[in-house]
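Chemist: Data file input-v2.cif (mmCIF, C-alpha atoms, pLDDT in the B column; chains and numbers go by the auth columns) is appended below.
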data_coords
#
loop_
_atom_site.group_PDB
_atom_site.id
_atom_site.type_symbol
_atom_site.label_atom_id
_atom_site.label_comp_id
_atom_site.label_asym_id
_atom_site.label_seq_id
_atom_site.Cartn_x
_atom_site.Cartn_y
_atom_site.Cartn_z
_atom_site.B_iso_or_equiv
_atom_site.auth_seq_id
_atom_site.auth_asym_id
ATOM 1 C CA MET A 1 -68.950 236.742 42.294 71.00 1 A
ATOM 2 C CA ASP A 2 -70.275 238.566 39.289 89.00 2 A
ATOM 3 C CA LEU A 3 -73.534 240.463 39.053 89.00 3 A
ATOM 4 C CA ILE A 4 -75.226 237.996 36.675 88.00 4 A
ATOM 5 C CA SER A 5 -74.634 235.060 39.020 89.00 5 A
ATOM 6 C CA LEU A 6 -76.036 237.044 41.925 90.00 6 A
ATOM 7 C CA ALA A 7 -79.140 238.023 39.937 91.00 7 A
ATOM 8 C CA GLY A 8 -79.667 234.406 38.853 92.00 8 A
ATOM 9 C CA PHE A 9 -79.282 233.204 42.419 94.00 9 A
ATOM 10 C CA LEU A 10 -81.803 235.755 43.715 94.00 10 A
ATOM 11 C CA ALA A 11 -84.271 234.813 40.964 95.00 11 A
ATOM 12 C CA LEU A 12 -83.995 231.127 41.866 96.00 12 A
ATOM 13 C CA VAL A 13 -84.474 231.888 45.560 96.00 13 A
ATOM 14 C CA ILE A 14 -87.612 233.934 44.811 97.00 14 A
ATOM 15 C CA VAL A 15 -89.023 231.174 42.581 97.00 15 A
ATOM 16 C CA GLY A 16 -88.229 228.575 45.250 96.00 16 A
ATOM 17 C CA ILE A 17 -90.019 230.575 47.944 97.00 17 A
ATOM 18 C CA ALA A 18 -93.039 231.023 45.668 96.00 18 A
ATOM 19 C CA VAL A 19 -93.220 227.265 45.001 96.00 19 A
ATOM 20 C CA VAL A 20 -92.987 226.444 48.706 96.00 20 A
ATOM 21 C CA LEU A 21 -95.737 228.937 49.567 96.00 21 A
ATOM 22 C CA PHE A 22 -97.935 227.536 46.780 94.00 22 A
ATOM 23 C CA LEU A 23 -97.471 223.976 48.068 94.00 23 A
ATOM 24 C CA ILE A 24 -98.237 225.034 51.643 94.00 24 A
ATOM 25 C CA ARG A 25 -101.429 226.742 50.438 90.00 25 A
ATOM 26 C CA ILE A 26 -102.531 223.606 48.581 88.00 26 A
ATOM 27 C CA VAL A 27 -101.857 221.347 51.565 89.00 27 A
ATOM 28 C CA TRP A 28 -103.636 223.773 53.893 90.00 28 A
ATOM 29 C CA SER A 29 -106.721 223.751 51.674 86.00 29 A
ATOM 30 C CA LEU A 30 -106.865 219.936 51.873 90.00 30 A
ATOM 31 C CA VAL A 31 -107.005 219.858 55.684 93.00 31 A
ATOM 32 C CA PRO A 32 -110.839 220.087 55.938 92.00 32 A
ATOM 33 C CA ALA A 33 -111.207 217.269 53.408 93.00 33 A
ATOM 34 C CA ALA A 34 -108.770 215.130 55.368 94.00 34 A
ATOM 35 C CA ILE A 35 -110.665 215.751 58.613 95.00 35 A
ATOM 36 C CA VAL A 36 -113.972 214.749 57.002 95.00 36 A
ATOM 37 C CA ALA A 37 -112.336 211.675 55.460 95.00 37 A
ATOM 38 C CA LEU A 38 -110.930 210.671 58.841 96.00 38 A
ATOM 39 C CA GLY A 39 -114.364 210.991 60.413 97.00 39 A
ATOM 40 C CA VAL A 40 -115.934 208.896 57.671 96.00 40 A
ATOM 41 C CA TYR A 41 -113.233 206.258 58.077 96.00 41 A
ATOM 42 C CA LEU A 42 -113.750 206.092 61.836 97.00 42 A
ATOM 43 C CA VAL A 43 -117.505 205.658 61.370 97.00 43 A
ATOM 44 C CA THR A 44 -117.534 203.247 58.414 95.00 44 A
ATOM 45 C CA SER A 45 -114.045 201.630 58.357 93.00 45 A
ATOM 46 C CA SER A 46 -114.356 201.691 54.563 94.00 46 A
ATOM 47 C CA LEU A 47 -111.598 203.098 52.396 94.00 47 A
ATOM 48 C CA TRP A 48 -114.071 203.426 49.515 96.00 48 A
ATOM 49 C CA TRP A 49 -116.390 205.795 51.413 96.00 49 A
ATOM 50 C CA THR A 50 -113.381 207.600 52.869 96.00 50 A
ATOM 51 C CA GLY A 51 -112.122 208.346 49.365 95.00 51 A
ATOM 52 C CA VAL A 52 -115.587 209.407 48.205 96.00 52 A
ATOM 53 C CA ALA A 53 -115.924 211.791 51.155 96.00 53 A
ATOM 54 C CA PHE A 54 -112.454 213.230 50.571 96.00 54 A
ATOM 55 C CA LEU A 55 -113.065 213.850 46.877 95.00 55 A
ATOM 56 C CA THR A 56 -116.518 215.289 47.536 95.00 56 A
ATOM 57 C CA VAL A 57 -115.187 217.828 50.022 95.00 57 A
ATOM 58 C CA VAL A 58 -112.288 218.742 47.709 93.00 58 A
ATOM 59 C CA VAL A 59 -114.658 219.321 44.773 93.00 59 A
ATOM 60 C CA LEU A 60 -117.101 221.330 46.897 93.00 60 A
ATOM 61 C CA THR A 61 -114.271 223.452 48.292 91.00 61 A
ATOM 62 C CA PHE A 62 -112.935 224.079 44.782 89.00 62 A
ATOM 63 C CA LEU A 63 -116.380 225.045 43.491 92.00 63 A
ATOM 64 C CA TYR A 64 -116.964 227.351 46.457 91.00 64 A
ATOM 65 C CA LYS A 65 -113.658 229.134 45.873 87.00 65 A
ATOM 66 C CA LEU A 66 -114.308 229.323 42.150 89.00 66 A
ATOM 67 C CA LEU A 67 -117.830 230.754 42.477 91.00 67 A
ATOM 68 C CA ALA A 68 -117.080 233.055 45.441 87.00 68 A
ATOM 69 C CA LYS A 69 -114.803 235.284 43.354 70.00 69 A
#
Before we go any further, please render this structure as structure tokens.

Modeler:
Amino acid sequence: MDLISLAGFLALVIVGIAVVLFLIRIVWSLVPAAIVALGVYLVTSSLWWTGVAFLTVVVLTFLYKLLAK
């Protein structure tokens, strides 16, 4: 195994780990919105209001994170 192949492999592993961590962070930030959407669905049984609640919480979370910095 030559040095260039090893360096390429290590670079791909690092990029892969970064992508996985980024995806986990995105999914983790959607958990509160999913909980609110589930509660709205259980109360109203309407997919329309469930979607509205989910999007509202996602937008509010994004704005909070954007303005908090």

Chemist: Mind listing as number ranges by chain all residues within 12 Å of (-113.9, 215.1, 59.0), counting all atoms listed in the file?

Modeler: A: 30-43, 50-51, 53-54, 56-58

Chemist: Could you state the separation of CA of Ile4 (chain A) and CA of Leu23 (chain A) in Å, given to one decimal place?

Modeler: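 Atom-to-atom, CA of Ile4 (chain A) and CA of Leu23 (chain A) are spaced 28.7 Å apart.
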
Chemist: So the first atom is CA of Ala18 (chain A) and the second is CA of Leu66 (chain A); what is the distance between them in Å, to one decimal place?

Modeler: 21.6 Å

Chemist: Kindly give the distance, in Å, that separates CA of Thr61 (chain A) and CA of Ile24 (chain A), rounded to a single decimal.

Modeler: 16.5 Å

Chemist: Quick one: of A:Asp2, A:Phe62, A:Leu67, A:Leu47, who's nearest to Ile26 (chain A), counting all atoms listed in the file?

Modeler: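 Nearest to Ile26 (chain A): A:Phe62.
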
Chemist: Using all atoms listed in the file, which residue out of A:Leu6, A:Val15, A:Val52, A:Val59 lies closest to Ser29 (chain A)?

Modeler: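 Between A:Leu6, A:Val15, A:Val52, A:Val59, the residue approaching Ser29 (chain A) most closely is A:Val59.
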